$ cat my_file32.cif   # mmCIF, N, CA and C atoms
data_input
loop_
_atom_site.label_atom_id
_atom_site.label_comp_id
_atom_site.auth_asym_id
_atom_site.auth_seq_id
_atom_site.Cartn_x
_atom_site.Cartn_y
_atom_site.Cartn_z
N MET X 75 0.84 -1.18 0.00
CA MET X 75 0.00 0.00 0.00
C MET X 75 0.89 1.24 0.00
N LYS X 76 0.49 2.21 -0.77
CA LYS X 76 1.24 3.46 -0.81
C LYS X 76 0.28 4.61 -0.53
N LEU X 77 0.66 5.45 0.41
CA LEU X 77 -0.16 6.62 0.73
C LEU X 77 0.02 7.67 -0.36
N THR X 78 -1.01 8.44 -0.57
CA THR X 78 -0.93 9.52 -1.57
C THR X 78 -0.03 10.64 -1.08
N ALA X 79 0.42 11.45 -2.02
CA ALA X 79 1.20 12.64 -1.67
C ALA X 79 0.36 13.56 -0.78
N PHE X 80 -0.94 13.61 -1.01
CA PHE X 80 -1.83 14.44 -0.19
C PHE X 80 -1.68 14.07 1.28
N THR X 81 -1.75 12.78 1.58
CA THR X 81 -1.63 12.33 2.97
C THR X 81 -0.23 12.59 3.51
N ASP X 82 0.78 12.31 2.72
CA ASP X 82 2.16 12.55 3.12
C ASP X 82 2.35 14.02 3.50
N TYR X 83 1.90 14.92 2.64
CA TYR X 83 2.05 16.34 2.90
C TYR X 83 1.19 16.79 4.07
N ALA X 84 0.02 16.21 4.22
CA ALA X 84 -0.85 16.55 5.35
C ALA X 84 -0.17 16.18 6.67
N LEU X 85 0.46 15.02 6.70
CA LEU X 85 1.17 14.60 7.92
C LEU X 85 2.33 15.53 8.24
N ARG X 86 3.12 15.86 7.22
CA ARG X 86 4.25 16.78 7.43
C ARG X 86 3.76 18.14 7.92
N LEU X 87 2.71 18.63 7.27
CA LEU X 87 2.15 19.93 7.64
C LEU X 87 1.67 19.92 9.09
N LEU X 88 0.95 18.88 9.48
CA LEU X 88 0.45 18.81 10.85
C LEU X 88 1.58 18.69 11.87
N MET X 89 2.63 17.95 11.52
CA MET X 89 3.78 17.87 12.42
C MET X 89 4.41 19.25 12.60
N TYR X 90 4.57 19.96 11.51
CA TYR X 90 5.17 21.30 11.57
C TYR X 90 4.31 22.24 12.41
N VAL X 91 3.01 22.21 12.19
CA VAL X 91 2.11 23.08 12.94
C VAL X 91 2.13 22.71 14.42
N ALA X 92 2.17 21.42 14.72
CA ALA X 92 2.19 20.99 16.12
C ALA X 92 3.46 21.44 16.84
N VAL X 93 4.59 21.38 16.15
CA VAL X 93 5.85 21.82 16.75
C VAL X 93 5.83 23.34 16.98
N ASN X 94 5.14 24.06 16.12
CA ASN X 94 5.05 25.52 16.21
C ASN X 94 3.68 25.93 16.75
N ASP X 95 3.24 25.28 17.81
CA ASP X 95 1.88 25.48 18.31
C ASP X 95 1.67 26.79 19.07
N ASP X 96 2.71 27.57 19.22
CA ASP X 96 2.59 28.83 19.95
C ASP X 96 2.23 30.01 19.05
N ARG X 97 1.99 29.73 17.77
CA ARG X 97 1.71 30.82 16.83
C ARG X 97 0.97 30.28 15.61
N LEU X 98 0.50 31.23 14.79
CA LEU X 98 -0.10 30.85 13.51
C LEU X 98 1.01 30.52 12.52
N VAL X 99 0.78 29.55 11.68
CA VAL X 99 1.71 29.13 10.65
C VAL X 99 1.10 29.51 9.31
N SER X 100 1.94 29.86 8.34
CA SER X 100 1.44 30.25 7.02
C SER X 100 1.74 29.18 5.97
N ILE X 101 0.97 29.20 4.91
CA ILE X 101 1.21 28.30 3.79
C ILE X 101 2.58 28.59 3.18
N ARG X 102 2.92 29.86 3.05
CA ARG X 102 4.23 30.23 2.50
C ARG X 102 5.35 29.58 3.29
N GLU X 103 5.25 29.65 4.60
CA GLU X 103 6.27 29.09 5.48
C GLU X 103 6.41 27.58 5.29
N VAL X 104 5.31 26.86 5.29
CA VAL X 104 5.35 25.41 5.12
C VAL X 104 5.87 25.06 3.73
N SER X 105 5.46 25.83 2.75
CA SER X 105 5.91 25.63 1.38
C SER X 105 7.43 25.75 1.29
N GLU X 106 7.98 26.73 1.95
CA GLU X 106 9.43 26.94 1.92
C GLU X 106 10.18 25.87 2.70
N VAL X 107 9.66 25.47 3.84
CA VAL X 107 10.34 24.46 4.66
C VAL X 107 10.41 23.12 3.94
N PHE X 108 9.30 22.71 3.35
CA PHE X 108 9.24 21.39 2.73
C PHE X 108 9.39 21.41 1.21
N GLU X 109 9.55 22.62 0.65
CA GLU X 109 9.68 22.79 -0.80
C GLU X 109 8.51 22.13 -1.53
N LEU X 110 7.31 22.51 -1.11
CA LEU X 110 6.07 21.99 -1.69
C LEU X 110 5.29 23.12 -2.33
N SER X 111 4.46 22.78 -3.28
CA SER X 111 3.62 23.75 -3.98
C SER X 111 2.64 24.43 -3.03
N ARG X 112 2.58 25.75 -3.11
CA ARG X 112 1.61 26.49 -2.28
C ARG X 112 0.19 26.12 -2.64
N ASN X 113 -0.07 25.94 -3.94
CA ASN X 113 -1.42 25.58 -4.37
C ASN X 113 -1.85 24.24 -3.77
N HIS X 114 -0.95 23.28 -3.78
CA HIS X 114 -1.26 21.97 -3.20
C HIS X 114 -1.49 22.10 -1.69
N LEU X 115 -0.65 22.87 -1.04
CA LEU X 115 -0.80 23.06 0.40
C LEU X 115 -2.10 23.78 0.75
N MET X 116 -2.54 24.70 -0.10
CA MET X 116 -3.81 25.38 0.15
C MET X 116 -4.96 24.38 0.17
N LYS X 117 -4.94 23.42 -0.74
CA LYS X 117 -5.98 22.39 -0.77
C LYS X 117 -5.93 21.53 0.49
N ILE X 118 -4.74 21.20 0.91
CA ILE X 118 -4.57 20.37 2.11
C ILE X 118 -5.04 21.11 3.34
N VAL X 119 -4.65 22.37 3.48
CA VAL X 119 -5.09 23.18 4.63
C VAL X 119 -6.60 23.29 4.64
N HIS X 120 -7.18 23.53 3.48
CA HIS X 120 -8.64 23.64 3.39
C HIS X 120 -9.31 22.34 3.87
N GLU X 121 -8.83 21.23 3.37
CA GLU X 121 -9.43 19.93 3.72
C GLU X 121 -9.23 19.61 5.21
N LEU X 122 -8.04 19.89 5.74
CA LEU X 122 -7.78 19.65 7.16
C LEU X 122 -8.61 20.59 8.03
N GLY X 123 -8.86 21.78 7.54
CA GLY X 123 -9.74 22.71 8.25
C GLY X 123 -11.17 22.19 8.30
N LYS X 124 -11.65 21.67 7.16
CA LYS X 124 -13.00 21.10 7.11
C LYS X 124 -13.14 19.94 8.08
N GLY X 125 -12.09 19.18 8.25
CA GLY X 125 -12.12 18.02 9.14
C GLY X 125 -11.86 18.35 10.60
N GLY X 126 -11.60 19.63 10.90
CA GLY X 126 -11.35 20.03 12.29
C GLY X 126 -9.91 19.84 12.74
N TYR X 127 -9.06 19.36 11.86
CA TYR X 127 -7.65 19.15 12.23
C TYR X 127 -6.90 20.47 12.33
N LEU X 128 -7.33 21.46 11.56
CA LEU X 128 -6.73 22.80 11.60
C LEU X 128 -7.81 23.84 11.85
N LYS X 129 -7.40 24.90 12.50
CA LYS X 129 -8.24 26.09 12.63
C LYS X 129 -7.56 27.16 11.80
N THR X 130 -8.29 27.72 10.85
CA THR X 130 -7.70 28.71 9.96
C THR X 130 -8.16 30.11 10.35
N VAL X 131 -7.26 31.06 10.16
CA VAL X 131 -7.55 32.47 10.43
C VAL X 131 -7.27 33.23 9.16
N ARG X 132 -8.27 33.89 8.63
CA ARG X 132 -8.13 34.63 7.37
C ARG X 132 -7.56 36.02 7.64
N GLY X 133 -7.09 36.64 6.57
CA GLY X 133 -6.64 38.01 6.68
C GLY X 133 -5.14 38.16 6.50
N LYS X 134 -4.71 39.42 6.55
CA LYS X 134 -3.30 39.75 6.31
C LYS X 134 -2.36 39.01 7.25
N ASN X 135 -2.71 38.95 8.51
CA ASN X 135 -1.87 38.26 9.49
C ASN X 135 -2.42 36.88 9.83
N GLY X 136 -3.17 36.31 8.91
CA GLY X 136 -3.80 35.01 9.13
C GLY X 136 -2.82 33.86 9.01
N GLY X 137 -3.37 32.70 9.13
CA GLY X 137 -2.59 31.48 9.06
C GLY X 137 -3.43 30.35 9.61
N PHE X 138 -2.79 29.37 10.18
CA PHE X 138 -3.52 28.24 10.74
C PHE X 138 -2.76 27.65 11.91
N ARG X 139 -3.51 26.95 12.75
CA ARG X 139 -2.96 26.24 13.90
C ARG X 139 -3.75 24.95 14.05
N LEU X 140 -3.33 24.10 14.93
CA LEU X 140 -4.07 22.87 15.16
C LEU X 140 -5.49 23.18 15.61
N GLY X 141 -6.43 22.41 15.13
CA GLY X 141 -7.82 22.58 15.51
C GLY X 141 -8.19 21.73 16.72
N MET X 142 -7.27 20.89 17.13
CA MET X 142 -7.44 20.05 18.32
C MET X 142 -6.06 19.76 18.89
N LEU X 143 -6.01 19.22 20.05
CA LEU X 143 -4.73 18.90 20.66
C LEU X 143 -4.02 17.80 19.88
N ALA X 144 -2.69 17.87 19.84
CA ALA X 144 -1.91 16.87 19.10
C ALA X 144 -2.18 15.46 19.61
N GLN X 145 -2.41 15.30 20.89
CA GLN X 145 -2.68 13.97 21.44
C GLN X 145 -4.07 13.46 21.07
N ASP X 146 -4.91 14.33 20.52
CA ASP X 146 -6.25 13.93 20.10
C ASP X 146 -6.33 13.65 18.59
N ILE X 147 -5.24 13.84 17.89
CA ILE X 147 -5.23 13.57 16.44
C ILE X 147 -4.67 12.16 16.24
N ASN X 148 -5.59 11.22 16.06
CA ASN X 148 -5.24 9.82 15.86
C ASN X 148 -4.78 9.61 14.42
N LEU X 149 -3.63 8.97 14.25
CA LEU X 149 -3.06 8.81 12.92
C LEU X 149 -3.91 7.92 12.01
N GLY X 150 -4.49 6.88 12.54
CA GLY X 150 -5.35 6.02 11.74
C GLY X 150 -6.57 6.76 11.22
N GLN X 151 -7.20 7.50 12.10
CA GLN X 151 -8.37 8.29 11.69
C GLN X 151 -7.99 9.35 10.67
N LEU X 152 -6.86 10.00 10.90
CA LEU X 152 -6.40 11.03 9.98
C LEU X 152 -6.15 10.46 8.58
N ILE X 153 -5.48 9.33 8.51
CA ILE X 153 -5.17 8.74 7.21
C ILE X 153 -6.44 8.24 6.52
N ARG X 154 -7.37 7.70 7.29
CA ARG X 154 -8.66 7.32 6.68
C ARG X 154 -9.37 8.56 6.12
N TYR X 155 -9.20 9.70 6.79
CA TYR X 155 -9.81 10.94 6.34
C TYR X 155 -9.16 11.48 5.07
N THR X 156 -7.85 11.39 4.98
CA THR X 156 -7.14 12.00 3.85
C THR X 156 -7.04 11.10 2.63
N GLU X 157 -7.16 9.81 2.81
CA GLU X 157 -7.06 8.88 1.68
C GLU X 157 -8.43 8.66 1.05
N ASP X 158 -8.52 8.90 -0.25
CA ASP X 158 -9.78 8.70 -0.97
C ASP X 158 -10.07 7.23 -1.24
N ASP X 159 -9.04 6.45 -1.44
CA ASP X 159 -9.23 5.08 -1.89
C ASP X 159 -8.32 4.14 -1.10
N LEU X 160 -8.91 3.35 -0.24
CA LEU X 160 -8.14 2.38 0.53
C LEU X 160 -8.28 0.97 -0.05
N ASN X 161 -8.78 0.89 -1.27
CA ASN X 161 -8.90 -0.40 -1.94
C ASN X 161 -7.52 -0.82 -2.43
N VAL X 162 -6.91 -1.75 -1.72
CA VAL X 162 -5.57 -2.21 -2.04
C VAL X 162 -5.56 -2.94 -3.38
N VAL X 163 -6.63 -3.66 -3.65
CA VAL X 163 -6.78 -4.36 -4.93
C VAL X 163 -8.18 -4.09 -5.47
N GLU X 164 -8.36 -4.35 -6.73
CA GLU X 164 -9.61 -4.07 -7.43
C GLU X 164 -10.83 -4.71 -6.76
N CYS X 165 -10.67 -5.92 -6.26
CA CYS X 165 -11.82 -6.63 -5.72
C CYS X 165 -12.33 -6.04 -4.40
N PHE X 166 -11.59 -5.13 -3.79
CA PHE X 166 -12.09 -4.45 -2.59
C PHE X 166 -13.25 -3.52 -2.93
N ASP X 167 -13.34 -3.11 -4.18
CA ASP X 167 -14.39 -2.21 -4.65
C ASP X 167 -15.53 -3.03 -5.23
N ASP X 168 -16.58 -3.24 -4.43
CA ASP X 168 -17.70 -4.09 -4.84
C ASP X 168 -18.36 -3.62 -6.13
N LYS X 169 -18.41 -2.32 -6.36
CA LYS X 169 -19.14 -1.77 -7.50
C LYS X 169 -18.34 -1.79 -8.80
N ASN X 170 -17.01 -1.70 -8.71
CA ASN X 170 -16.20 -1.57 -9.92
C ASN X 170 -15.20 -2.70 -10.12
N SER X 171 -15.44 -3.83 -9.51
CA SER X 171 -14.51 -4.95 -9.65
C SER X 171 -14.84 -5.77 -10.88
N ASN X 172 -13.82 -6.07 -11.65
CA ASN X 172 -13.96 -6.95 -12.81
C ASN X 172 -13.25 -8.28 -12.59
N CYS X 173 -12.91 -8.56 -11.35
CA CYS X 173 -12.16 -9.78 -11.05
C CYS X 173 -13.04 -11.01 -11.28
N LYS X 174 -12.52 -11.96 -12.03
CA LYS X 174 -13.27 -13.17 -12.39
C LYS X 174 -13.16 -14.27 -11.35
N ILE X 175 -12.22 -14.16 -10.43
CA ILE X 175 -12.03 -15.23 -9.44
C ILE X 175 -12.39 -14.79 -8.02
N VAL X 176 -13.04 -13.64 -7.88
CA VAL X 176 -13.30 -13.07 -6.57
C VAL X 176 -14.07 -14.02 -5.64
N GLU X 177 -14.94 -14.85 -6.18
CA GLU X 177 -15.74 -15.75 -5.35
C GLU X 177 -14.91 -16.86 -4.69
N GLN X 178 -13.79 -17.23 -5.31
CA GLN X 178 -12.98 -18.34 -4.80
C GLN X 178 -11.60 -17.91 -4.31
N CYS X 179 -11.28 -16.67 -4.48
CA CYS X 179 -9.93 -16.18 -4.19
C CYS X 179 -9.76 -15.83 -2.72
N MET X 180 -8.63 -16.20 -2.17
CA MET X 180 -8.31 -15.90 -0.77
C MET X 180 -7.46 -14.63 -0.64
N LEU X 181 -6.98 -14.10 -1.77
CA LEU X 181 -6.10 -12.94 -1.73
C LEU X 181 -6.75 -11.74 -1.05
N ALA X 182 -7.98 -11.45 -1.38
CA ALA X 182 -8.66 -10.28 -0.81
C ALA X 182 -8.71 -10.37 0.71
N GLY X 183 -8.99 -11.55 1.23
CA GLY X 183 -9.06 -11.72 2.69
C GLY X 183 -7.72 -11.49 3.36
N VAL X 184 -6.67 -12.00 2.75
CA VAL X 184 -5.33 -11.83 3.30
C VAL X 184 -4.93 -10.35 3.25
N LEU X 185 -5.21 -9.71 2.13
CA LEU X 185 -4.87 -8.28 2.02
C LEU X 185 -5.71 -7.43 2.96
N GLN X 186 -6.96 -7.81 3.20
CA GLN X 186 -7.79 -7.08 4.16
C GLN X 186 -7.22 -7.21 5.56
N MET X 187 -6.73 -8.40 5.92
CA MET X 187 -6.08 -8.57 7.23
C MET X 187 -4.84 -7.70 7.33
N ALA X 188 -4.07 -7.62 6.25
CA ALA X 188 -2.87 -6.78 6.25
C ALA X 188 -3.24 -5.31 6.42
N LEU X 189 -4.28 -4.87 5.71
CA LEU X 189 -4.74 -3.49 5.83
C LEU X 189 -5.23 -3.21 7.24
N ASN X 190 -5.94 -4.16 7.83
CA ASN X 190 -6.41 -4.01 9.21
C ASN X 190 -5.24 -3.89 10.17
N SER X 191 -4.18 -4.67 9.95
CA SER X 191 -2.98 -4.60 10.79
C SER X 191 -2.30 -3.24 10.65
N PHE X 192 -2.21 -2.77 9.41
CA PHE X 192 -1.64 -1.45 9.13
C PHE X 192 -2.36 -0.38 9.95
N PHE X 193 -3.68 -0.39 9.89
CA PHE X 193 -4.45 0.61 10.62
C PHE X 193 -4.46 0.36 12.12
N SER X 194 -4.32 -0.87 12.53
CA SER X 194 -4.24 -1.17 13.96
C SER X 194 -3.02 -0.47 14.58
N VAL X 195 -1.91 -0.49 13.87
CA VAL X 195 -0.70 0.21 14.35
C VAL X 195 -0.95 1.72 14.37
N LEU X 196 -1.47 2.25 13.27
CA LEU X 196 -1.71 3.69 13.18
C LEU X 196 -2.73 4.16 14.22
N ASP X 197 -3.74 3.34 14.48
CA ASP X 197 -4.76 3.69 15.47
C ASP X 197 -4.20 3.80 16.88
N GLY X 198 -3.04 3.21 17.11
CA GLY X 198 -2.39 3.26 18.41
C GLY X 198 -1.47 4.45 18.59
N HIS X 199 -1.44 5.36 17.62
CA HIS X 199 -0.53 6.50 17.69
C HIS X 199 -1.24 7.81 17.34
N THR X 200 -0.68 8.88 17.88
CA THR X 200 -1.24 10.22 17.66
C THR X 200 -0.17 11.14 17.07
N LEU X 201 -0.62 12.30 16.68
CA LEU X 201 0.31 13.32 16.19
C LEU X 201 1.34 13.66 17.26
N LYS X 202 0.94 13.65 18.49
CA LYS X 202 1.88 13.95 19.58
C LYS X 202 3.03 12.95 19.60
N ASP X 203 2.73 11.69 19.31
CA ASP X 203 3.79 10.67 19.26
C ASP X 203 4.83 11.01 18.20
N LEU X 204 4.40 11.61 17.11
CA LEU X 204 5.33 11.93 16.01
C LEU X 204 6.23 13.11 16.31
N ILE X 205 5.79 13.99 17.20
CA ILE X 205 6.56 15.22 17.42
C ILE X 205 7.33 15.24 18.73
N GLU X 206 7.11 14.28 19.60
CA GLU X 206 7.84 14.28 20.87
C GLU X 206 9.33 14.15 20.60
N GLY X 207 10.08 15.08 21.11
CA GLY X 207 11.52 15.08 20.93
C GLY X 207 11.98 15.54 19.56
N LEU X 208 11.05 16.00 18.75
CA LEU X 208 11.40 16.46 17.40
C LEU X 208 12.22 17.74 17.51
N CYS X 209 13.40 17.73 16.93
CA CYS X 209 14.27 18.90 17.04
C CYS X 209 14.91 19.25 15.70
N PHE X 210 14.18 19.00 14.61
CA PHE X 210 14.71 19.37 13.31
C PHE X 210 14.82 20.89 13.21
N PRO X 211 16.00 21.42 12.90
CA PRO X 211 16.14 22.88 12.78
C PRO X 211 15.18 23.48 11.76
N GLU X 212 14.87 22.73 10.71
CA GLU X 212 13.97 23.27 9.70
C GLU X 212 12.55 23.44 10.21
N PHE X 213 12.23 22.88 11.38
CA PHE X 213 10.91 23.05 11.97
C PHE X 213 10.82 24.32 12.81
N LEU X 214 11.95 24.98 13.02
CA LEU X 214 11.93 26.22 13.78
C LEU X 214 11.70 27.39 12.85
N PRO X 215 10.93 28.37 13.30
CA PRO X 215 10.71 29.55 12.44
C PRO X 215 12.04 30.24 12.14
N LYS X 216 12.20 30.66 10.91
CA LYS X 216 13.46 31.26 10.47
C LYS X 216 13.73 32.63 11.11
N ASP X 217 12.67 33.32 11.50
CA ASP X 217 12.87 34.68 12.02
C ASP X 217 13.22 34.73 13.50
N THR X 218 13.42 33.58 14.17
CA THR X 218 13.73 33.60 15.58
C THR X 218 15.22 33.65 15.86
N GLY X 219 16.03 33.38 14.84
CA GLY X 219 17.47 33.32 15.05
C GLY X 219 17.91 31.99 15.61
N LEU X 220 16.96 31.03 15.77
CA LEU X 220 17.29 29.73 16.33
C LEU X 220 17.68 28.71 15.27
N SER X 221 17.41 29.00 14.00
CA SER X 221 17.67 27.98 12.98
C SER X 221 19.03 28.12 12.36
#
$ encode --input "my_file32.cif" --output "structure tokens"
Amino acid sequence: MKLTAFTDYALRLLMYVAVNDDRLVSIREVSEVFELSRNHLMKIVHELGKGGYLKTVRGKNGGFRLGMLAQDINLGQLIRYTEDDLNVVECFDDKNSNCKIVEQCMLAGVLQMALNSFFSVLDGHTLKDLIEGLCFPEFLPKDTGLS
């Protein structure tokens, strides 16, 4: 299974925001730190805002911050929210499967168990787990003189 770039960037963005929880963070700032497209980040911020993961503030001095505590952002739930398609194989999609052996095949069951295990691990962790002890200099605001 491979996560989409959307989810990858959403995780990085949330980690950055969580480390900088004492202030509003801007799309420009995240774009520069991770060298990501501002347009793509705008879509991610919008979607994370809709889901309650971020609180956005509009205006000249606007930006965004976490919409909930880092320890309340469960990684499994977040990834289920950001991923559009968790169908590891075609036969997971009841409506669009063209698989001719689906009735007798054991592959789907084994892959479903693997997917369940994947999410079982993620469900046991939060955003706070990802940022504890995080000391990447690139996560510090550039204007503080600390980086």
$ select_by_dssp --input "my_file32.cif" --residues "chain X" --states "alpha helix (DSSP H)" --output "number ranges by chain"
X: 79-93, 101-108, 112-124, 149-156, 181-197, 201-205
$ atom_distance --input "my_file32.cif" --atom1 "atom C of Arg154 in chain X" --atom2 "CA of Thr81 in chain X"
9.2 Å
$ axis_aligned_box --input "my_file32.cif" --around "range 144-163 of chain X" --padding-each-side "5 Å" --output "lines of an AutoDock Vina configuration file"
center_x = -6.0
center_y = 6.8
center_z = 8.0
size_x = 18.2
size_y = 32.2
size_z = 36.9
$ residues_around --input "my_file32.cif" --residues "range 111-114 of chain X" --least-positions-apart "3" --cutoff "6.5 Å" --atoms "only N, CA and C atoms" --output "ChimeraX atom specification"
/X:101-102,105,117-119
$ residues_around --input "my_file32.cif" --residues "range 144-146 of chain X" --least-positions-apart "5" --cutoff "8 Å" --atoms "only C-alpha atoms" --output "list in words"
Ala92, Thr200, Leu201, Lys202 and Asp203 of chain X
$ atom_distance --input "my_file32.cif" --atom1 "CA of Arg132 in chain X" --atom2 "CA of Glu103 in chain X"
15.5 Å
